[in-house]
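The file upload38.txt contains compact mmCIF, C-alpha atoms:
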```txt
# COMPACT_ATOMS: atom_id res chain seq x y z
CA MET T 1 11.54 3.43 -12.58
CA PHE T 2 14.68 3.46 -10.43
CA VAL T 3 17.10 6.29 -11.24
CA ASP T 4 20.29 6.61 -9.21
CA GLN T 5 22.21 9.35 -11.08
CA ALA T 6 21.25 12.78 -12.33
CA GLU T 7 22.67 16.24 -12.97
CA ILE T 8 20.83 19.46 -12.15
CA GLU T 9 21.46 23.19 -11.96
CA VAL T 10 20.30 25.19 -8.93
CA LYS T 11 20.02 28.97 -8.68
CA ALA T 12 19.58 30.88 -5.42
CA GLY T 13 17.39 33.95 -5.47
CA ASN T 14 18.84 37.41 -6.09
CA GLY T 15 18.63 39.97 -3.34
CA GLY T 16 16.15 42.82 -3.95
CA ARG T 17 17.49 46.29 -4.67
CA GLY T 18 17.29 49.00 -2.06
CA ALA T 19 14.88 51.90 -2.57
CA VAL T 20 15.72 55.56 -3.05
CA SER T 21 12.89 57.52 -1.48
CA PHE T 22 12.34 60.72 0.50
CA ARG T 23 9.65 61.51 2.99
CA ARG T 24 7.28 64.16 1.66
CA GLU T 25 4.23 64.70 3.83
CA LYS T 26 1.97 67.63 4.43
CA TYR T 27 2.53 69.39 7.74
CA VAL T 28 5.81 67.56 8.26
CA PRO T 29 8.45 70.31 8.12
CA LYS T 30 11.41 67.95 8.13
CA GLY T 31 11.43 65.00 5.77
CA GLY T 32 14.38 62.90 4.84
CA PRO T 33 15.45 59.66 3.17
CA ASP T 34 13.17 56.72 3.92
CA GLY T 35 14.07 54.13 1.24
CA GLY T 36 13.86 50.58 2.65
CA ASN T 37 16.22 47.68 2.12
CA GLY T 38 15.68 44.99 -0.45
CA GLY T 39 14.64 41.51 0.70
CA ASP T 40 17.12 38.65 0.77
CA GLY T 41 16.88 36.09 -2.01
CA GLY T 42 15.62 32.61 -1.24
CA SER T 43 18.10 29.80 -0.72
CA VAL T 44 18.17 26.37 -2.34
CA VAL T 45 17.81 23.73 0.35
CA LEU T 46 18.30 19.99 -0.09
CA ALA T 47 16.08 17.94 2.22
CA ALA T 48 16.48 14.18 2.73
CA ASP T 49 12.97 12.71 2.60
CA GLU T 50 12.46 9.03 3.38
CA ASN T 51 9.33 9.03 1.22
CA VAL T 52 11.51 9.64 -1.85
CA ASN T 53 13.50 6.65 -3.07
CA THR T 54 14.83 7.55 -6.53
CA LEU T 55 16.25 10.53 -8.43
CA PHE T 56 13.63 10.13 -11.15
CA ASP T 57 12.20 13.66 -10.73
CA PHE T 58 15.55 15.17 -11.66
CA ARG T 59 15.63 13.48 -15.06
CA GLY T 60 12.71 15.65 -16.18
CA GLN T 61 13.49 18.86 -14.33
CA HIS T 62 17.08 20.05 -14.58
CA HIS T 63 16.72 23.64 -13.35
CA TRP T 64 15.67 24.56 -9.81
CA SER T 65 15.47 28.19 -8.69
CA ALA T 66 14.62 29.99 -5.48
CA GLN T 67 12.58 33.19 -5.48
CA ASP T 68 14.21 36.61 -5.75
CA GLY T 69 13.88 39.07 -2.91
CA GLU T 70 11.51 42.02 -3.40
CA PRO T 71 12.90 45.54 -3.78
CA GLY T 72 12.69 47.95 -0.88
CA ARG T 73 9.86 50.47 -0.63
CA ALA T 74 9.24 53.91 0.76
CA LYS T 75 8.54 54.58 4.44
CA GLN T 76 11.54 52.44 5.39
CA GLN T 77 9.71 49.28 4.34
CA SER T 78 11.99 46.40 3.48
CA GLY T 79 11.11 44.10 0.61
CA LEU T 80 9.92 40.59 1.34
CA ALA T 81 12.53 37.87 1.34
CA GLY T 82 12.27 35.34 -1.48
CA LYS T 83 10.91 31.88 -0.73
CA ASP T 84 13.42 29.08 -0.40
CA CYS T 85 13.45 26.30 -2.96
CA ILE T 86 13.17 23.02 -1.04
CA ILE T 87 14.38 20.06 -3.10
CA ARG T 88 13.39 16.69 -1.65
CA MET T 89 15.91 13.92 -2.25
CA PRO T 90 16.20 10.34 -1.05
CA PRO T 91 18.50 9.68 1.91
CA GLY T 92 21.81 8.34 0.68
CA THR T 93 22.18 10.94 -2.07
CA MET T 94 25.76 12.09 -2.62
CA VAL T 95 25.84 15.66 -3.95
CA TYR T 96 28.90 16.71 -5.96
CA GLU T 97 29.83 19.96 -7.67
CA ALA T 98 29.64 18.99 -11.32
CA GLU T 99 32.68 20.98 -12.50
CA SER T 100 35.21 20.23 -9.76
CA GLY T 101 33.83 16.87 -8.64
CA ALA T 102 34.05 18.00 -4.99
CA LEU T 103 31.67 16.27 -2.59
CA LEU T 104 29.38 18.94 -1.14
CA CYS T 105 27.20 16.79 1.11
CA ASP T 106 26.09 13.26 1.85
CA LEU T 107 22.42 13.32 2.79
CA LYS T 108 21.36 11.27 5.79
CA PRO T 109 17.72 10.77 6.85
CA GLY T 110 16.30 14.06 8.13
CA ASP T 111 19.17 16.24 6.83
CA ARG T 112 18.50 19.75 5.47
CA VAL T 113 21.45 21.35 3.69
CA VAL T 114 21.61 24.88 2.23
CA ILE T 115 23.42 24.19 -1.02
CA ALA T 116 23.09 27.73 -2.46
CA LYS T 117 22.47 30.68 -0.13
CA GLY T 118 20.28 33.49 -1.40
CA GLY T 119 21.80 36.88 -2.21
CA ARG T 120 21.61 39.66 0.38
CA GLY T 121 19.18 42.46 -0.26
CA GLY T 122 20.66 45.89 -1.01
CA PHE T 123 20.48 48.78 1.44
CA GLY T 124 18.04 51.59 0.72
CA ASN T 125 19.09 55.23 0.88
CA GLU T 126 17.85 55.54 4.47
CA HIS T 127 20.84 53.41 5.46
CA PHE T 128 23.29 55.99 4.07
CA LYS T 129 22.01 59.11 5.81
CA ARG T 130 24.66 60.94 7.81
CA SER T 131 25.07 64.35 9.33
CA THR T 132 27.29 65.13 6.40
CA ASN T 133 24.95 63.53 3.86
CA GLN T 134 21.38 64.27 4.79
CA THR T 135 19.89 63.57 1.38
CA PRO T 136 21.65 60.44 0.06
CA ARG T 137 20.50 59.43 -3.36
CA GLN T 138 22.27 56.12 -3.60
CA ALA T 139 21.04 52.61 -2.83
CA GLU T 140 22.59 49.21 -3.25
CA PRO T 141 21.54 46.63 -5.79
CA GLY T 142 20.88 43.22 -4.33
CA GLU T 143 23.57 40.58 -4.41
CA PRO T 144 23.08 37.94 -7.08
CA GLY T 145 22.29 34.42 -5.92
CA PRO T 146 24.90 31.80 -6.84
CA ARG T 147 24.26 29.30 -9.63
CA VAL T 148 25.66 25.79 -9.13
CA ARG T 149 25.62 22.66 -11.26
CA LEU T 150 25.24 19.54 -9.16
CA ARG T 151 25.84 15.89 -9.89
CA LEU T 152 23.64 13.59 -7.84
CA GLU T 153 24.50 10.00 -7.07
CA LEU T 154 22.22 7.82 -4.98
CA LYS T 155 23.60 5.06 -2.78
CA LEU T 156 20.91 3.06 -1.07
CA ILE T 157 21.03 3.03 2.70
CA ALA T 158 20.38 -0.51 3.86
CA ASP T 159 21.60 -2.63 6.74
CA VAL T 160 22.11 -5.73 4.62
CA GLY T 161 22.96 -6.15 0.95
CA ILE T 162 22.07 -9.39 -0.87
CA ILE T 163 24.65 -10.20 -3.51
CA GLY T 164 25.33 -13.10 -5.84
CA LEU T 165 25.37 -14.21 -9.44
CA PRO T 166 22.29 -13.73 -11.64
CA ASN T 167 19.57 -16.29 -10.89
CA ALA T 168 21.02 -17.10 -7.45
CA GLY T 169 17.58 -16.36 -5.99
CA LYS T 170 18.18 -12.88 -4.52
CA SER T 171 14.78 -11.46 -5.43
CA THR T 172 13.03 -14.57 -4.16
CA LEU T 173 14.92 -14.30 -0.89
CA LEU T 174 14.02 -10.61 -0.51
CA SER T 175 10.34 -11.36 -1.06
CA ALA T 176 10.54 -14.23 1.45
CA LEU T 177 12.14 -12.05 4.14
CA THR T 178 10.15 -8.86 3.55
CA ARG T 179 6.98 -7.56 1.96
CA ALA T 180 8.86 -6.36 -1.09
CA THR T 181 7.57 -7.58 -4.46
CA PRO T 182 10.54 -7.58 -6.86
CA LYS T 183 10.20 -9.07 -10.32
CA ILE T 184 11.05 -12.78 -10.26
CA ALA T 185 11.74 -14.89 -13.34
CA ASP T 186 13.98 -17.77 -14.44
CA TYR T 187 16.31 -15.74 -16.67
CA PRO T 188 19.46 -13.73 -15.86
CA PHE T 189 19.25 -10.04 -14.95
CA THR T 190 15.60 -10.19 -13.96
CA THR T 191 16.41 -7.46 -11.42
CA LEU T 192 17.46 -4.37 -13.32
CA SER T 193 17.59 -2.01 -10.32
CA PRO T 194 18.21 -2.36 -6.57
CA GLN T 195 15.17 -3.27 -4.50
CA LEU T 196 14.61 -2.47 -0.82
CA GLY T 197 12.59 -4.35 1.78
CA ILE T 198 12.14 -4.28 5.54
CA ALA T 199 12.20 -7.52 7.52
CA GLU T 200 10.48 -7.52 10.91
CA LEU T 201 11.86 -9.99 13.41
CA ASP T 202 9.38 -8.71 16.01
CA GLN T 203 7.72 -5.42 16.95
CA THR T 204 10.99 -3.79 18.01
CA ARG T 205 13.54 -5.32 15.61
CA ARG T 206 13.67 -4.43 11.93
CA ILE T 207 16.32 -4.92 9.25
CA VAL T 208 16.46 -3.05 5.93
CA LEU T 209 17.66 -5.31 3.10
CA ALA T 210 18.66 -4.43 -0.45
CA ASP T 211 18.61 -6.84 -3.37
CA ILE T 212 21.55 -5.79 -5.53
CA PRO T 213 21.32 -6.72 -9.26
CA GLY T 214 23.30 -9.80 -10.24
CA LEU T 215 27.04 -9.40 -10.53
CA ILE T 216 29.08 -11.18 -13.15
CA GLU T 217 32.76 -11.68 -13.73
CA GLY T 218 34.26 -8.37 -14.87
CA ALA T 219 31.60 -6.26 -13.13
CA SER T 220 34.19 -4.12 -11.36
CA HIS T 221 35.52 -3.13 -14.79
CA GLY T 222 32.10 -2.25 -16.19
CA ALA T 223 30.81 -5.58 -17.47
CA GLY T 224 27.10 -6.36 -17.21
CA LEU T 225 24.87 -4.46 -14.81
CA GLY T 226 27.04 -4.94 -11.76
CA HIS T 227 29.40 -1.99 -12.10
CA GLU T 228 26.52 0.47 -12.16
CA PHE T 229 25.08 -0.87 -8.92
CA LEU T 230 28.16 -1.91 -6.94
CA ARG T 231 28.04 1.53 -5.32
CA HIS T 232 24.88 0.53 -3.49
CA VAL T 233 26.68 -2.25 -1.65
CA GLU T 234 29.06 0.28 -0.07
CA ARG T 235 26.39 1.62 2.29
CA THR T 236 25.42 -1.75 3.71
CA LYS T 237 26.87 -3.02 6.98
CA VAL T 238 26.59 -6.76 6.30
CA LEU T 239 26.40 -8.79 3.11
CA VAL T 240 24.39 -11.91 2.42
CA HIS T 241 26.34 -13.78 -0.23
CA LEU T 242 23.76 -16.00 -1.87
CA LEU T 243 25.02 -19.16 -3.59
CA ASP T 244 22.93 -21.42 -5.77
CA ILE T 245 23.72 -24.87 -4.41
CA ALA T 246 22.85 -26.52 -7.74
CA PRO T 247 23.43 -24.04 -10.62
CA VAL T 248 21.67 -25.00 -13.85
CA ASP T 249 24.88 -24.35 -15.79
CA GLY T 250 26.72 -26.96 -13.72
CA SER T 251 29.19 -24.47 -12.28
CA ASP T 252 30.83 -24.89 -8.89
CA PRO T 253 29.16 -22.77 -6.13
CA VAL T 254 32.55 -22.22 -4.48
CA GLU T 255 34.08 -20.91 -7.70
CA ASN T 256 31.05 -18.68 -8.15
CA TYR T 257 31.64 -17.34 -4.65
CA ARG T 258 35.26 -16.52 -5.45
CA LYS T 259 34.28 -14.71 -8.66
CA ILE T 260 31.97 -12.35 -6.78
CA ARG T 261 34.54 -11.81 -4.02
CA ALA T 262 37.08 -10.86 -6.69
CA GLU T 263 34.69 -8.31 -8.18
CA LEU T 264 34.04 -6.74 -4.77
CA ALA T 265 37.76 -6.47 -4.10
CA GLY T 266 38.35 -5.05 -7.58
CA TYR T 267 35.77 -2.34 -7.03
CA SER T 268 36.76 -1.37 -3.47
CA PRO T 269 39.12 -3.05 -0.96
CA LEU T 270 37.00 -1.64 1.87
CA LEU T 271 33.91 -3.21 0.33
CA ALA T 272 35.64 -6.58 0.27
CA GLU T 273 36.27 -6.33 4.02
CA LYS T 274 32.62 -6.16 5.00
CA GLN T 275 31.21 -8.92 7.17
CA GLU T 276 29.08 -11.41 5.32
CA VAL T 277 26.90 -14.46 5.70
CA ILE T 278 27.21 -17.21 3.11
CA ALA T 279 23.75 -18.57 2.38
CA LEU T 280 23.44 -21.76 0.35
CA ASN T 281 20.14 -21.30 -1.45
CA LYS T 282 17.66 -23.67 -3.12
CA MET T 283 18.21 -26.40 -0.54
CA ASP T 284 14.64 -27.55 -1.15
CA LEU T 285 16.03 -29.18 -4.31
CA VAL T 286 18.10 -31.46 -2.06
CA PRO T 287 15.47 -33.36 -0.01
CA ASP T 288 17.90 -35.76 1.67
CA GLU T 289 19.17 -34.33 4.98
CA ALA T 290 22.48 -36.17 4.82
CA GLU T 291 23.13 -34.86 1.31
CA ARG T 292 22.33 -31.34 2.45
CA LYS T 293 24.85 -31.58 5.25
CA ALA T 294 27.42 -33.00 2.86
CA LYS T 295 27.00 -30.05 0.49
CA VAL T 296 27.39 -27.55 3.33
CA ASP T 297 30.47 -29.37 4.61
CA GLU T 298 31.95 -29.42 1.11
CA VAL T 299 31.58 -25.64 0.75
CA CYS T 300 33.11 -25.06 4.18
CA ARG T 301 36.00 -27.39 3.37
CA LYS T 302 36.78 -25.78 0.03
CA LEU T 303 36.63 -22.30 1.53
CA LYS T 304 38.59 -23.46 4.59
CA LEU T 305 35.94 -22.23 7.00
CA GLY T 306 35.71 -23.16 10.64
CA HIS T 307 32.66 -24.20 12.61
CA ARG T 308 31.84 -20.67 13.81
CA GLU T 309 31.59 -19.06 10.39
CA PRO T 310 27.99 -18.30 9.40
CA VAL T 311 27.26 -20.64 6.50
CA LEU T 312 23.52 -21.26 6.38
CA ALA T 313 21.45 -23.67 4.32
CA ILE T 314 18.24 -21.98 3.19
CA SER T 315 15.54 -21.95 0.55
CA GLY T 316 13.95 -18.66 -0.38
CA ALA T 317 11.27 -20.32 -2.49
CA ALA T 318 10.27 -22.77 0.25
CA ARG T 319 10.75 -20.20 3.07
CA GLN T 320 13.22 -22.52 4.81
CA GLY T 321 15.84 -21.12 7.19
CA MET T 322 14.48 -17.56 7.05
CA LYS T 323 14.28 -17.10 10.83
CA ASP T 324 17.80 -18.41 11.40
CA LEU T 325 19.14 -16.08 8.70
CA LEU T 326 17.43 -13.01 10.16
CA GLU T 327 18.62 -13.82 13.69
CA ARG T 328 22.16 -14.27 12.40
CA LEU T 329 22.00 -10.93 10.59
CA TRP T 330 20.56 -9.17 13.63
CA GLY T 331 23.35 -10.52 15.78
CA MET T 332 25.98 -9.27 13.32
CA LEU T 333 24.36 -5.85 13.08
CA HIS T 334 24.04 -5.59 16.88
CA PRO T 335 26.96 -7.62 18.24
CA VAL T 336 26.68 -6.40 21.84
CA GLU T 337 22.97 -7.05 22.10
CA GLY T 338 22.98 -10.18 19.97
CA LYS T 339 26.31 -11.48 21.33
CA VAL T 340 27.26 -12.78 17.90
CA GLU T 341 30.69 -12.05 16.50
CA GLY T 342 30.97 -11.44 12.80
CA TRP T 343 33.76 -12.73 10.59
CA LYS T 344 35.86 -11.40 7.77
CA PRO T 345 35.32 -12.94 4.34
CA VAL T 346 37.86 -15.46 3.11
CA GLY T 347 40.30 -14.76 0.31
CA VAL T 348 39.45 -15.20 -3.32
CA GLY T 349 42.29 -17.54 -4.16
CA GLY T 350 43.24 -21.01 -3.07
CA GLY T 351 41.03 -23.48 -1.32
```
Show me the file's structure as structure tokens.
Amino acid sequence: MFVDQAEIEVKAGNGGRGAVSFRREKYVPKGGPDGGNGGDGGSVVLAADENVNTLFDFRGQHHWSAQDGEPGRAKQQSGLAGKDCIIRMPPGTMVYEAESGALLCDLKPGDRVVIAKGGRGGFGNEHFKRSTNQTPRQAEPGEPGPRVRLRLELKLIADVGIIGLPNAGKSTLLSALTRATPKIADYPFTTLSPQLGIAELDQTRRIVLADIPGLIEGASHGAGLGHEFLRHVERTKVLVHLLDIAPVDGSDPVENYRKIRAELAGYSPLLAEKQEVIALNKMDLVPDEAERKAKVDEVCRKLKLGHREPVLAISGAARQGMKDLLERLWGMLHPVEGKVEGWKPVGVGGG
């Protein structure tokens, strides 16, 4: 089950209290205060772990606490510090303070962030001895560890996001490019959660792709499943805009393209500015080569695209055009190495 939002409460450990103790030993004529300090409380640490990919664990466990520090002891022995509470989270998790909504951290792979520092242990009475106070009988209590309510929001970290209307063939394309096994069926909203896959061009070149659930008109205002998952597109560097070249409902692929572009712009202007590749899918249903070229030319003409814009004819089901698509994506992700210039998406109106 994919879970991308959760709310938890974390509590750092309290510091241990200091000890009040006096040295009393046989044959020792001069004793004195020897109460040790309390141990520091454990901290709550958020660790980005690439082996974790959802926030599912936080739906069942809402409270996370670090260990309290031990109290001080006699003979100037300090109490043991409390153990830290290490909370493993998937990279891409945005951590907000629940009450204020302030962003506390944005976890990247390998990050470790102390989100709640443990309380300091209190001083024992040995700390307070002075020439003017040779028998202090006071010690400090430990500082309490802070308690914080956190709102967690996961945004998948992927190089490429695959977007398009429901049934455009996104899941099929992901399975064709990677070893991912998303659910594939001939009805809308087959994909109910984002899916990740890694495409290997060769031993040294890899691309992480995310299949984003189908967007519909009005998604940026909360319609359908799109609004809930549009946030995952924000982390991608390049978009593959998948168009069904022959929709079963008879709709125009170009108009479908403009609908999705409008939803991206409505959700975030910065999101709408991302580079993208337009991929005309299900070309295996058009066996005639001349007809294929005519359909590609028609899309380019309606969208007023030039010859350099990356419009590719592919078929995820038939595994056609997969290598060309991956090479194009690699070049856009690594423009210096690949020597391929990306392009800005066209407007949503006119054409």
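CA of Gln5 in chain T is positioned 13.5 Å from CA of Pro91 in chain T.
Remark: for Ile245 in chain T, the closest of the candidate residues T:Ala262, T:Ala176, T:Val208, T:Ala168 is T:Ala168 (distances computed over only C-alpha atoms).
Put simply, CA of Lys304 in chain T is 17.3 Å away from CA of Glu273 in chain T.
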task = Might you pull out every residue within 12 Å of Ala66 in chain T, with all atoms listed in the file counted and same-chain residues fewer than 5 positions away left off, and present them as number ranges by chain?
result = T: 9-15, 40-46, 81-87, 114-119, 144-147
Quick one: write out the picked residues with C-alpha atoms as a short mmCIF file (atom, residue, chain, number, x, y, z; two decimals), in the coordinates of the input?
```cif
data_model
loop_
_atom_site.label_atom_id
_atom_site.label_comp_id
_atom_site.auth_asym_id
_atom_site.auth_seq_id
_atom_site.Cartn_x
_atom_site.Cartn_y
_atom_site.Cartn_z
CA GLU T 9 21.46 23.19 -11.96
CA VAL T 10 20.30 25.19 -8.93
CA LYS T 11 20.02 28.97 -8.68
CA ALA T 12 19.58 30.88 -5.42
CA GLY T 13 17.39 33.95 -5.47
CA ASN T 14 18.84 37.41 -6.09
CA GLY T 15 18.63 39.97 -3.34
CA ASP T 40 17.12 38.65 0.77
CA GLY T 41 16.88 36.09 -2.01
CA GLY T 42 15.62 32.61 -1.24
CA SER T 43 18.10 29.80 -0.72
CA VAL T 44 18.17 26.37 -2.34
CA VAL T 45 17.81 23.73 0.35
CA LEU T 46 18.30 19.99 -0.09
CA ALA T 81 12.53 37.87 1.34
CA GLY T 82 12.27 35.34 -1.48
CA LYS T 83 10.91 31.88 -0.73
CA ASP T 84 13.42 29.08 -0.40
CA CYS T 85 13.45 26.30 -2.96
CA ILE T 86 13.17 23.02 -1.04
CA ILE T 87 14.38 20.06 -3.10
CA VAL T 114 21.61 24.88 2.23
CA ILE T 115 23.42 24.19 -1.02
CA ALA T 116 23.09 27.73 -2.46
CA LYS T 117 22.47 30.68 -0.13
CA GLY T 118 20.28 33.49 -1.40
CA GLY T 119 21.80 36.88 -2.21
CA PRO T 144 23.08 37.94 -7.08
CA GLY T 145 22.29 34.42 -5.92
CA PRO T 146 24.90 31.80 -6.84
CA ARG T 147 24.26 29.30 -9.63
#
```
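Compared by their closest atoms to Gly18 in chain T, and using only C-alpha atoms, the residues T:Tyr96, T:Phe128, T:Trp64, T:Phe58 rank with T:Phe128 nearest.
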message = Which residue is closest to Leu152 in chain T? Choose from T:Ala265, T:Met94, T:Ala74, T:Leu165 and count all atoms listed in the file.
response = T:Met94
ask   = At what distance in Å, to one decimal, does CA of Val52 in chain T lie from CA of Gly92 in chain T?
value = 10.7 Å
